[in-house]
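Heads up, data_30.pdb below (PDB, C-alpha atoms):
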```pdb
ATOM      1  CA  MET A1497      33.492 -53.501 -26.504
ATOM      2  CA  LYS A1498      33.228 -56.766 -28.399
ATOM      3  CA  LYS A1499      30.532 -59.257 -27.370
ATOM      4  CA  THR A1500      29.128 -62.351 -29.141
ATOM      5  CA  CYS A1501      26.662 -63.684 -26.520
ATOM      6  CA  SER A1502      23.150 -62.548 -27.357
ATOM      7  CA  ARG A1503      21.431 -63.406 -24.085
ATOM      8  CA  TYR A1504      22.200 -60.101 -22.316
ATOM      9  CA  THR A1505      22.863 -56.744 -23.933
ATOM     10  CA  PRO A1506      26.019 -54.784 -22.978
ATOM     11  CA  GLU A1507      23.710 -52.279 -21.270
ATOM     12  CA  LYS A1508      22.316 -55.029 -19.077
ATOM     13  CA  ILE A1509      25.845 -56.159 -18.164
ATOM     14  CA  SER A1510      26.782 -52.548 -17.384
ATOM     15  CA  ARG A1511      23.774 -52.201 -15.117
ATOM     16  CA  PHE A1512      24.743 -55.494 -13.445
ATOM     17  CA  VAL A1513      28.219 -54.122 -12.721
ATOM     18  CA  ASP A1514      26.728 -50.883 -11.369
ATOM     19  CA  ASN A1515      24.361 -52.939  -9.184
ATOM     20  CA  GLU A1516      21.287 -51.363 -10.753
ATOM     21  CA  LEU A1517      19.326 -54.559 -11.475
ATOM     22  CA  SER A1518      16.574 -56.107  -9.429
ATOM     23  CA  GLN A1519      17.499 -58.954  -7.120
ATOM     24  CA  ASP A1520      16.165 -61.655  -9.500
ATOM     25  CA  GLN A1521      17.814 -60.166 -12.598
ATOM     26  CA  TYR A1522      21.085 -59.672 -10.702
ATOM     27  CA  TYR A1523      21.073 -63.325  -9.646
ATOM     28  CA  ALA A1524      20.287 -64.525 -13.184
ATOM     29  CA  VAL A1525      23.081 -62.404 -14.753
ATOM     30  CA  SER A1526      25.601 -63.435 -12.070
ATOM     31  CA  GLN A1527      24.819 -67.139 -12.775
ATOM     32  CA  HIS A1528      25.101 -66.545 -16.530
ATOM     33  CA  ILE A1529      28.499 -64.793 -16.468
ATOM     34  CA  ILE A1530      29.995 -67.756 -14.551
ATOM     35  CA  HIS A1531      29.429 -69.959 -17.631
ATOM     36  CA  CYS A1532      29.571 -67.349 -20.449
ATOM     37  CA  PRO A1533      33.141 -66.186 -21.138
ATOM     38  CA  ASP A1534      32.037 -63.314 -23.410
ATOM     39  CA  CYS A1535      29.726 -61.766 -20.835
ATOM     40  CA  ASN A1536      32.259 -62.496 -18.089
ATOM     41  CA  ARG A1537      34.951 -60.616 -20.022
ATOM     42  CA  LEU A1538      32.597 -57.702 -20.715
ATOM     43  CA  ALA A1539      31.629 -57.515 -17.054
ATOM     44  CA  GLY A1540      35.339 -57.514 -16.136
ATOM     45  CA  GLN A1541      36.000 -54.654 -18.542
ATOM     46  CA  TYR A1542      33.140 -52.636 -17.110
ATOM     47  CA  LYS A1543      34.359 -53.281 -13.572
ATOM     48  CA  SER A1544      37.884 -52.116 -14.358
ATOM     49  CA  LEU A1545      36.511 -49.020 -16.105
ATOM     50  CA  SER A1546      34.308 -48.281 -13.158
ATOM     51  CA  ALA A1547      37.253 -48.726 -10.762
ATOM     52  CA  VAL A1548      39.388 -46.296 -12.753
ATOM     53  CA  PHE A1549      36.571 -43.731 -12.821
ATOM     54  CA  ASN A1550      35.928 -44.065  -9.070
ATOM     55  CA  ASP A1551      39.634 -43.682  -8.230
ATOM     56  CA  HIS A1552      39.840 -40.520 -10.307
ATOM     57  CA  ALA A1553      36.698 -39.068  -8.738
ATOM     58  CA  ASP A1554      38.031 -39.784  -5.229
ATOM     59  CA  GLN A1555      41.279 -37.986  -6.025
ATOM     60  CA  GLN A1556      39.354 -34.907  -7.235
ATOM     61  CA  LYS A1557      37.153 -35.025  -4.142
ATOM     62  CA  LEU A1558      40.205 -34.999  -1.863
ATOM     63  CA  GLN A1559      41.466 -31.816  -3.484
ATOM     64  CA  ILE A1560      38.304 -29.865  -2.500
ATOM     65  CA  ASN A1561      38.561 -27.836   0.719
ATOM     66  CA  PRO A1562      35.029 -27.727   2.176
ATOM     67  CA  ASP A1563      35.743 -24.651   4.302
ATOM     68  CA  ARG A1564      37.013 -22.653   1.337
ATOM     69  CA  LEU A1565      34.018 -23.761  -0.700
ATOM     70  CA  ARG A1566      31.633 -22.621   2.038
ATOM     71  CA  GLN A1567      33.368 -19.235   2.247
ATOM     72  CA  LYS A1568      33.157 -18.755  -1.502
ATOM     73  CA  LEU A1569      29.466 -19.619  -1.498
ATOM     74  CA  LEU A1570      28.787 -17.140   1.312
ATOM     75  CA  GLN A1571      30.699 -14.391  -0.479
ATOM     76  CA  ASN A1572      28.699 -14.898  -3.628
ATOM     77  CA  THR A1573      25.306 -14.904  -1.893
ATOM     78  CA  PRO A1574      23.739 -11.565  -2.894
ATOM     79  CA  CYS A1575      21.246 -11.248  -0.029
ATOM     80  CA  SER A1576      23.495 -12.027   2.906
ATOM     81  CA  LYS A1577      22.869  -9.704   5.865
ATOM     82  CA  LYS A1578      26.525  -8.702   6.095
ATOM     83  CA  ASN A1579      26.548  -7.530   2.499
ATOM     84  CA  LEU A1580      23.290  -5.662   2.886
ATOM     85  CA  LEU A1581      24.531  -3.765   5.956
ATOM     86  CA  GLY A1582      27.819  -3.101   4.211
ATOM     87  CA  ASN A1583      26.031  -1.713   1.175
ATOM     88  CA  ILE A1584      23.886   0.565   3.341
ATOM     89  CA  LEU A1585      26.942   1.865   5.202
ATOM     90  CA  VAL A1586      28.790   2.501   1.957
ATOM     91  CA  PHE A1587      25.729   4.259   0.513
ATOM     92  CA  PHE A1588      25.458   6.568   3.548
ATOM     93  CA  SER A1589      29.192   7.211   3.883
ATOM     94  CA  LYS A1590      29.538   8.238   0.250
ATOM     95  CA  ASN A1591      26.780  10.870   0.318
ATOM     96  CA  ILE A1592      27.494  13.741   2.736
ATOM     97  CA  TYR A1593      24.087  15.362   2.067
ATOM     98  CA  LEU A1594      22.340  12.154   2.986
ATOM     99  CA  GLN A1595      24.313  12.016   6.245
ATOM    100  CA  LEU A1596      23.347  15.597   7.102
ATOM    101  CA  ALA A1597      19.721  14.971   6.176
ATOM    102  CA  SER A1598      19.625  11.864   8.402
ATOM    103  CA  ILE A1599      21.037  13.830  11.349
ATOM    104  CA  ALA A1600      18.532  16.647  10.737
ATOM    105  CA  VAL A1601      15.619  14.197  10.704
ATOM    106  CA  ILE A1602      16.768  12.585  13.967
ATOM    107  CA  LEU A1603      17.149  16.015  15.619
ATOM    108  CA  ILE A1604      13.677  17.119  14.484
ATOM    109  CA  ILE A1605      12.134  13.920  15.857
ATOM    110  CA  CYS A1606      13.935  14.485  19.195
ATOM    111  CA  LEU A1607      12.736  18.110  19.374
ATOM    112  CA  PHE A1608       9.138  17.153  18.676
ATOM    113  CA  SER A1609       9.181  14.272  21.100
ATOM    114  CA  PHE A1610      10.269  16.394  24.078
ATOM    115  CA  GLN A1611       8.105  19.401  23.263
ATOM    116  CA  GLY A1612       4.955  17.397  22.770
ATOM    117  CA  SER A1613       3.560  14.852  20.484
ATOM    118  CA  LEU A1614       4.559  14.721  16.830
ATOM    119  CA  PHE A1615       1.040  13.858  15.783
ATOM    120  CA  GLY A1616      -0.941  16.451  17.720
ATOM    121  CA  PRO A1617      -2.261  16.366  21.274
ATOM    122  CA  THR A1618      -2.748  13.031  22.925
ATOM    123  CA  GLY A1619      -5.664  13.035  25.304
ATOM    124  CA  PRO A1620      -7.654  15.989  26.603
ATOM    125  CA  SER A1621      -6.026  19.306  27.488
ATOM    126  CA  ALA A1622      -7.127  18.724  31.072
ATOM    127  CA  ILE A1623      -8.272  15.670  32.970
ATOM    128  CA  VAL A1624     -10.935  16.593  35.505
ATOM    129  CA  THR A1625     -10.359  14.498  38.606
ATOM    130  CA  SER A1626     -13.050  16.062  40.815
ATOM    131  CA  VAL A1627     -15.783  18.694  40.725
ATOM    132  CA  ASP A1628     -17.636  19.999  43.749
ATOM    133  CA  THR A1629     -20.305  22.676  43.444
ATOM    134  CA  ASP A1630     -23.423  23.995  45.121
ATOM    135  CA  PHE A1631     -25.228  23.770  41.779
ATOM    136  CA  THR A1632     -26.670  20.656  40.261
ATOM    137  CA  SER A1633     -25.828  21.127  36.611
ATOM    138  CA  VAL A1634     -22.217  20.514  35.577
ATOM    139  CA  MET A1635     -21.061  19.547  32.088
ATOM    140  CA  ILE A1636     -17.587  18.503  31.024
ATOM    141  CA  ILE A1637     -16.978  19.007  27.305
ATOM    142  CA  GLU A1638     -14.018  18.101  25.125
ATOM    143  CA  THR A1639     -13.669  19.846  21.761
ATOM    144  CA  GLN A1640     -13.092  17.670  18.716
ATOM    145  CA  LYS A1641     -10.153  19.461  17.108
ATOM    146  CA  GLU A1642      -7.707  20.302  19.889
ATOM    147  CA  LYS A1643      -9.337  18.215  22.641
ATOM    148  CA  HIS A1644      -9.755  21.370  24.703
ATOM    149  CA  THR A1645     -11.499  20.671  28.012
ATOM    150  CA  ILE A1646     -14.424  22.876  29.050
ATOM    151  CA  ILE A1647     -16.294  22.674  32.368
ATOM    152  CA  TRP A1648     -19.680  24.337  32.317
ATOM    153  CA  PHE A1649     -21.660  24.866  35.484
ATOM    154  CA  SER A1650     -25.005  26.580  35.787
ATOM    155  CA  GLU A1651     -25.412  29.131  38.591
ATOM    156  CA  THR A1652     -29.139  28.588  39.017
TER     157      THR A1652
ATOM    158  CA  MET B 490      35.824   0.251  12.501
ATOM    159  CA  VAL B 491      36.189   4.018  11.927
ATOM    160  CA  LYS B 492      32.686   4.077  10.500
ATOM    161  CA  LEU B 493      31.346   2.322  13.573
ATOM    162  CA  ILE B 494      33.039   4.847  15.877
ATOM    163  CA  LYS B 495      31.571   7.705  13.830
ATOM    164  CA  ILE B 496      28.070   6.228  14.114
ATOM    165  CA  ILE B 497      28.464   5.699  17.858
ATOM    166  CA  LEU B 498      29.676   9.301  18.305
ATOM    167  CA  ILE B 499      26.740  10.706  16.329
ATOM    168  CA  PHE B 500      24.216   8.717  18.355
ATOM    169  CA  THR B 501      25.912   9.677  21.635
ATOM    170  CA  GLY B 502      25.718  13.349  20.629
ATOM    171  CA  ILE B 503      22.057  13.097  19.750
ATOM    172  CA  SER B 504      21.274  11.267  22.996
ATOM    173  CA  CYS B 505      23.091  13.942  25.044
ATOM    174  CA  PHE B 506      21.212  16.693  23.212
ATOM    175  CA  TYR B 507      17.919  14.906  23.817
ATOM    176  CA  PHE B 508      18.401  14.314  27.531
ATOM    177  CA  PHE B 509      20.007  17.625  28.475
ATOM    178  CA  SER B 510      17.549  19.738  26.524
ATOM    179  CA  ARG B 511      14.522  18.229  28.299
ATOM    180  CA  PRO B 512      12.777  20.705  30.599
ATOM    181  CA  VAL B 513      13.513  20.141  34.262
ATOM    182  CA  PHE B 514      10.245  20.305  36.143
ATOM    183  CA  ALA B 515      11.295  19.461  39.682
ATOM    184  CA  ALA B 516      12.125  22.849  41.150
ATOM    185  CA  GLY B 517      10.384  25.056  38.554
ATOM    186  CA  ARG B 518       7.568  27.500  38.753
ATOM    187  CA  VAL B 519       4.237  27.377  37.018
ATOM    188  CA  LEU B 520       3.326  30.253  34.745
ATOM    189  CA  THR B 521      -0.455  30.472  34.974
ATOM    190  CA  ASP B 522      -2.501  32.676  32.707
ATOM    191  CA  VAL B 523      -6.110  33.470  33.525
ATOM    192  CA  LYS B 524      -8.339  35.042  30.877
ATOM    193  CA  VAL B 525     -11.757  36.256  31.898
ATOM    194  CA  ILE B 526     -14.095  36.282  28.899
ATOM    195  CA  HIS B 527     -17.589  37.628  28.503
ATOM    196  CA  ALA B 528     -19.545  35.585  25.976
ATOM    197  CA  SER B 529     -22.886  36.882  24.761
ATOM    198  CA  MET B 530     -25.279  37.039  21.829
ATOM    199  CA  GLY B 531     -24.539  40.740  21.327
ATOM    200  CA  PRO B 532     -23.055  42.398  18.238
ATOM    201  CA  GLY B 533     -20.387  40.183  16.686
ATOM    202  CA  HIS B 534     -17.038  40.823  18.285
ATOM    203  CA  ILE B 535     -14.021  38.641  18.931
ATOM    204  CA  ASP B 536     -11.211  40.062  21.001
ATOM    205  CA  PRO B 537      -7.776  39.686  19.334
ATOM    206  CA  GLY B 538      -6.378  38.325  22.600
ATOM    207  CA  LEU B 539      -8.578  35.248  22.232
ATOM    208  CA  LYS B 540      -7.200  34.197  18.844
ATOM    209  CA  LYS B 541      -5.651  30.986  20.223
ATOM    210  CA  ILE B 542      -8.788  29.542  21.790
ATOM    211  CA  ILE B 543     -11.644  31.115  19.865
ATOM    212  CA  SER B 544     -11.966  28.298  17.328
ATOM    213  CA  GLU B 545     -12.325  25.795  20.169
ATOM    214  CA  LEU B 546     -14.955  27.919  21.939
ATOM    215  CA  GLU B 547     -16.883  28.525  18.733
ATOM    216  CA  SER B 548     -16.948  24.789  18.022
ATOM    217  CA  VAL B 549     -18.996  24.317  21.217
ATOM    218  CA  PHE B 550     -20.831  27.587  21.941
ATOM    219  CA  LYS B 551     -23.128  29.621  19.710
ATOM    220  CA  TYR B 552     -22.303  33.048  21.148
ATOM    221  CA  THR B 553     -21.570  35.864  18.714
ATOM    222  CA  SER B 554     -19.487  38.073  20.969
ATOM    223  CA  TYR B 555     -16.381  37.105  22.974
ATOM    224  CA  ARG B 556     -14.828  39.975  24.949
ATOM    225  CA  LEU B 557     -11.690  39.678  27.007
ATOM    226  CA  LEU B 558     -12.420  41.388  30.298
ATOM    227  CA  LYS B 559      -9.215  40.548  32.099
ATOM    228  CA  ASP B 560      -5.933  38.771  31.399
ATOM    229  CA  ARG B 561      -3.831  38.005  34.465
ATOM    230  CA  ARG B 562      -0.481  36.263  34.340
ATOM    231  CA  LEU B 563       0.581  34.583  37.589
ATOM    232  CA  ASN B 564       3.982  33.111  38.346
ATOM    233  CA  LEU B 565       3.203  30.543  40.997
ATOM    234  CA  GLY B 566       5.183  27.998  42.948
ATOM    235  CA  PHE B 567       3.644  24.691  43.930
ATOM    236  CA  ASN B 568       0.938  25.060  46.586
ATOM    237  CA  GLN B 569       0.959  28.802  46.099
ATOM    238  CA  GLU B 570      -2.432  30.418  45.570
ATOM    239  CA  GLY B 571      -3.132  32.901  42.818
ATOM    240  CA  ARG B 572      -6.227  35.066  43.102
ATOM    241  CA  VAL B 573      -8.068  36.811  40.325
ATOM    242  CA  ASP B 574     -11.023  39.091  41.043
ATOM    243  CA  LEU B 575     -13.973  38.353  38.797
ATOM    244  CA  PRO B 576     -17.038  40.401  37.967
ATOM    245  CA  GLY B 577     -20.068  39.977  40.237
ATOM    246  CA  LYS B 578     -18.139  39.812  43.554
ATOM    247  CA  ARG B 579     -16.558  36.546  42.526
ATOM    248  CA  THR B 580     -12.978  35.409  43.024
ATOM    249  CA  LEU B 581     -11.071  32.730  41.160
ATOM    250  CA  ILE B 582      -8.367  30.947  43.131
ATOM    251  CA  VAL B 583      -5.889  28.779  41.239
ATOM    252  CA  MET B 584      -3.202  26.705  42.898
ATOM    253  CA  PRO B 585      -0.775  24.314  41.200
ATOM    254  CA  THR B 586      -0.156  21.500  43.654
ATOM    255  CA  ASP B 587       2.187  19.067  41.914
ATOM    256  CA  MET B 588       3.153  17.402  38.652
ATOM    257  CA  ASP B 589       1.787  14.148  37.309
ATOM    258  CA  GLY B 590       4.020  13.168  34.411
ATOM    259  CA  LYS B 591       3.762  15.983  31.886
ATOM    260  CA  ARG B 592       0.622  17.387  33.500
ATOM    261  CA  ILE B 593       0.220  20.026  36.178
ATOM    262  CA  ARG B 594      -2.270  19.292  38.926
ATOM    263  CA  TYR B 595      -4.375  22.363  39.712
ATOM    264  CA  GLN B 596      -6.837  23.110  42.447
ATOM    265  CA  ILE B 597      -9.317  25.678  41.100
ATOM    266  CA  ASN B 598     -11.910  27.363  43.333
ATOM    267  CA  ILE B 599     -14.506  30.021  42.596
ATOM    268  CA  LYS B 600     -15.950  32.055  45.425
ATOM    269  CA  LYS B 601     -18.932  34.374  45.364
ATOM    270  CA  ASN B 602     -19.388  36.787  48.248
ATOM    271  CA  ASN B 603     -16.646  34.831  50.039
ATOM    272  CA  HIS B 604     -18.658  31.647  49.757
ATOM    273  CA  LEU B 605     -17.184  28.717  47.843
ATOM    274  CA  ILE B 606     -19.514  27.954  44.953
ATOM    275  CA  PHE B 607     -17.308  25.791  42.708
ATOM    276  CA  LYS B 608     -14.311  23.601  43.371
ATOM    277  CA  THR B 609     -12.417  21.329  40.965
ATOM    278  CA  ARG B 610      -9.141  19.464  40.629
ATOM    279  CA  VAL B 611      -7.691  19.019  37.171
ATOM    280  CA  LEU B 612      -4.585  17.603  35.548
ATOM    281  CA  LEU B 613      -3.666  20.206  32.961
ATOM    282  CA  ARG B 614      -1.352  19.250  30.122
ATOM    283  CA  ASN B 615       1.776  21.419  30.144
ATOM    284  CA  ASP B 616       1.426  24.425  27.801
ATOM    285  CA  SER B 617      -2.277  23.793  27.485
ATOM    286  CA  SER B 618      -5.481  25.294  28.883
ATOM    287  CA  ILE B 619      -8.906  24.565  30.350
ATOM    288  CA  THR B 620     -12.022  26.719  30.146
ATOM    289  CA  ILE B 621     -14.511  26.976  32.986
ATOM    290  CA  GLY B 622     -17.768  28.753  32.310
ATOM    291  CA  GLY B 623     -21.273  29.228  33.493
ATOM    292  CA  PRO B 624     -21.744  32.292  35.731
ATOM    293  CA  LYS B 625     -24.255  34.768  34.282
ATOM    294  CA  PHE B 626     -23.077  38.326  33.720
ATOM    295  CA  ASN B 627     -24.456  41.290  31.734
ATOM    296  CA  ASN B 628     -26.840  39.394  29.452
ATOM    297  CA  GLY B 629     -24.218  36.812  28.814
ATOM    298  CA  PHE B 630     -21.945  34.356  30.548
ATOM    299  CA  LEU B 631     -18.457  34.414  32.014
ATOM    300  CA  LEU B 632     -15.758  32.032  30.788
ATOM    301  CA  PHE B 633     -12.434  31.573  32.551
ATOM    302  CA  ASN B 634      -9.623  30.232  30.422
ATOM    303  CA  ILE B 635      -6.771  28.969  32.579
ATOM    304  CA  SER B 636      -3.522  27.936  30.952
ATOM    305  CA  GLY B 637      -0.471  26.513  32.687
ATOM    306  CA  SER B 638       3.104  26.302  31.627
ATOM    307  CA  MET B 639       5.902  24.710  33.620
ATOM    308  CA  ARG B 640       9.148  26.687  33.660
TER     309      ARG B 640
END
```

Could the structure of this file be written out as structure tokens, please?
Amino acid sequence: MKKTCSRYTPEKISRFVDNELSQDQYYAVSQHIIHCPDCNRLAGQYKSLSAVFNDHADQQKLQINPDRLRQKLLQNTPCSKKNLLGNILVFFSKNIYLQLASIAVILIICLFSFQGSLFGPTGPSAIVTSVDTDFTSVMIIETQKEKHTIIWFSET
Amino acid sequence: MVKLIKIILIFTGISCFYFFSRPVFAAGRVLTDVKVIHASMGPGHIDPGLKKIISELESVFKYTSYRLLKDRRLNLGFNQEGRVDLPGKRTLIVMPTDMDGKRIRYQINIKKNNHLIFKTRVLLRNDSSITIGGPKFNNGFLLFNISGSMR
């Protein structure tokens, strides 16, 4: 772009057109281009270029479907919950041994849970709610290993 | 969708198995086993019939000999008394009264010469046992191991 005025650089004029100058600078440039035909012409050229660029960008923007874009983004997200669940299901459905093993584990847990505790006895073998005796000495003992309850009374 | 139905069917099957295979306690009977043991400091002897409980007894008592004098199995209904004659004119009376969750409530009495000398109420875990001891007998002591199992 040809310019003979040396007061403002083409970059400064471009920034004026793009409204990127401070208020004082903008005012000074706007006053200058009224009287300077070179700068005025350059500013006009930048404006028309900017207008063409903006029109083209708007047209491209109109062609974008936001819903489709959102769907595509969701599909490409690697850690989405849907994908994770899907992957797990596919992994289990493909391996018959894994399916059988899973069922076996669930059955074993069920069997243990209704027969007793899976992790050994919970609480003492017997809870003593009352003791009544003619003798004074009564001891209630619980063994460490199996929590076996022992009542000891002395017949003396 | 087919996968989902398969998963639902598997879980339904497991749930049915779990609930229907649970023991039904309501109208059952209580299998009660009473072992009368003589514990003493005599020559080392452990009766084979005491294999299940001996490690527990040995963890508490220092006796060297454990002899099984009597093993009585009683099939009792609730509030039905079971009597076991003990050495030294004693009698053990066990009576399951009701259930409390997974535990059987027992009333246990010991009589000597027809006089009540010991009375206790315990909540015994199903398929478990309690040991009551103390009476002197033949240079040793008597232990009564009472186990209960709901059927």

Distance limit 8 Å, atoms considered: only C-alpha atoms. Which chain A residues sit that close to chain B? Return them as an mmCIF file with C-alpha atoms, keeping the file's coordinate frame.
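New file selection22.cif:
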```cif
data_model
loop_
_atom_site.group_PDB
_atom_site.id
_atom_site.type_symbol
_atom_site.label_atom_id
_atom_site.label_comp_id
_atom_site.auth_asym_id
_atom_site.auth_seq_id
_atom_site.Cartn_x
_atom_site.Cartn_y
_atom_site.Cartn_z
ATOM 1 C CA ILE A 1602 16.768 12.585 13.967
ATOM 2 C CA LEU A 1603 17.149 16.015 15.619
ATOM 3 C CA CYS A 1606 13.935 14.485 19.195
ATOM 4 C CA LEU A 1607 12.736 18.110 19.374
ATOM 5 C CA PHE A 1610 10.269 16.394 24.078
ATOM 6 C CA PRO A 1620 -7.654 15.989 26.603
ATOM 7 C CA SER A 1621 -6.026 19.306 27.488
ATOM 8 C CA ALA A 1622 -7.127 18.724 31.072
ATOM 9 C CA ILE A 1623 -8.272 15.670 32.970
ATOM 10 C CA VAL A 1624 -10.935 16.593 35.505
ATOM 11 C CA THR A 1625 -10.359 14.498 38.606
ATOM 12 C CA SER A 1626 -13.050 16.062 40.815
ATOM 13 C CA VAL A 1627 -15.783 18.694 40.725
ATOM 14 C CA ASP A 1628 -17.636 19.999 43.749
ATOM 15 C CA THR A 1629 -20.305 22.676 43.444
ATOM 16 C CA ASP A 1630 -23.423 23.995 45.121
ATOM 17 C CA PHE A 1631 -25.228 23.770 41.779
ATOM 18 C CA THR A 1639 -13.669 19.846 21.761
ATOM 19 C CA LYS A 1641 -10.153 19.461 17.108
ATOM 20 C CA GLU A 1642 -7.707 20.302 19.889
ATOM 21 C CA HIS A 1644 -9.755 21.370 24.703
ATOM 22 C CA THR A 1645 -11.499 20.671 28.012
ATOM 23 C CA ILE A 1646 -14.424 22.876 29.050
ATOM 24 C CA ILE A 1647 -16.294 22.674 32.368
ATOM 25 C CA TRP A 1648 -19.680 24.337 32.317
ATOM 26 C CA PHE A 1649 -21.660 24.866 35.484
ATOM 27 C CA SER A 1650 -25.005 26.580 35.787
ATOM 28 C CA GLU A 1651 -25.412 29.131 38.591
#
```

For a test of reading the model, state the distance in Å between atom CA of B:Val519 and atom CA of B:Asp560, rounded to one decimal. 16.3 Å

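Distances to B:Thr553 were evaluated for B:Met639, B:Leu539, B:Ala528, B:Leu631 using all atoms listed in the file, and the minimum falls at B:Ala528.
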
Which centre and which edge lengths, in Å to one decimal, describe the axis-aligned box that holds all listed atoms of stretch 1593-1596 of chain A after 3 Å is added on each side, as JSON?
```
{"center_x": 23.3, "center_y": 13.8, "center_z": 4.6, "size_x": 8.0, "size_y": 9.6, "size_z": 11.0}
```

Atom pair atom CA of B:Val525 / atom CA of B:Pro537: separation (Å): 13.6 Å

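Here the PyMOL selection byres ((chain A and resi 1514) around 12) catches exactly these residues: Glu1507, Lys1508, Ile1509, Ser1510, Arg1511, Phe1512, Val1513, Asn1515, Glu1516, Leu1517, Ser1518, Tyr1522, Ala1539, Gly1540, Tyr1542, Lys1543, Ser1544, Leu1545, Ser1546, Ala1547 and Asn1550 of chain A.
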
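One distance worth recording is that between atom CA of A:Ala1524 and atom CA of A:Pro1506, which is 15.0 Å.
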
Selection: 8 Å around A:Cys1501, only C-alpha atoms, excl. self and same-chain fewer than 6 positions, as a ChimeraX atom specification: /A:1532,1534-1535

Tell me which residues the PyMOL selection byres ((chain B and resi 555) around 9) grabs here, as number ranges by chain. B: 526-530, 533-536, 539, 543, 552-554, 556-557

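Ranking B:Arg572, B:Pro585, B:Phe550, B:Val523 by their shortest atom-to-atom distance to B:Gly538, with all atoms listed in the file included, puts B:Val523 first.
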
Around (-8.9, 35.2, 37.6), as given in the file, which residues come within 10 Å? Count all atoms listed in the file and list them as a ChimeraX atom specification. /B:522-525,559-563,571-576,579-583,599,633-635
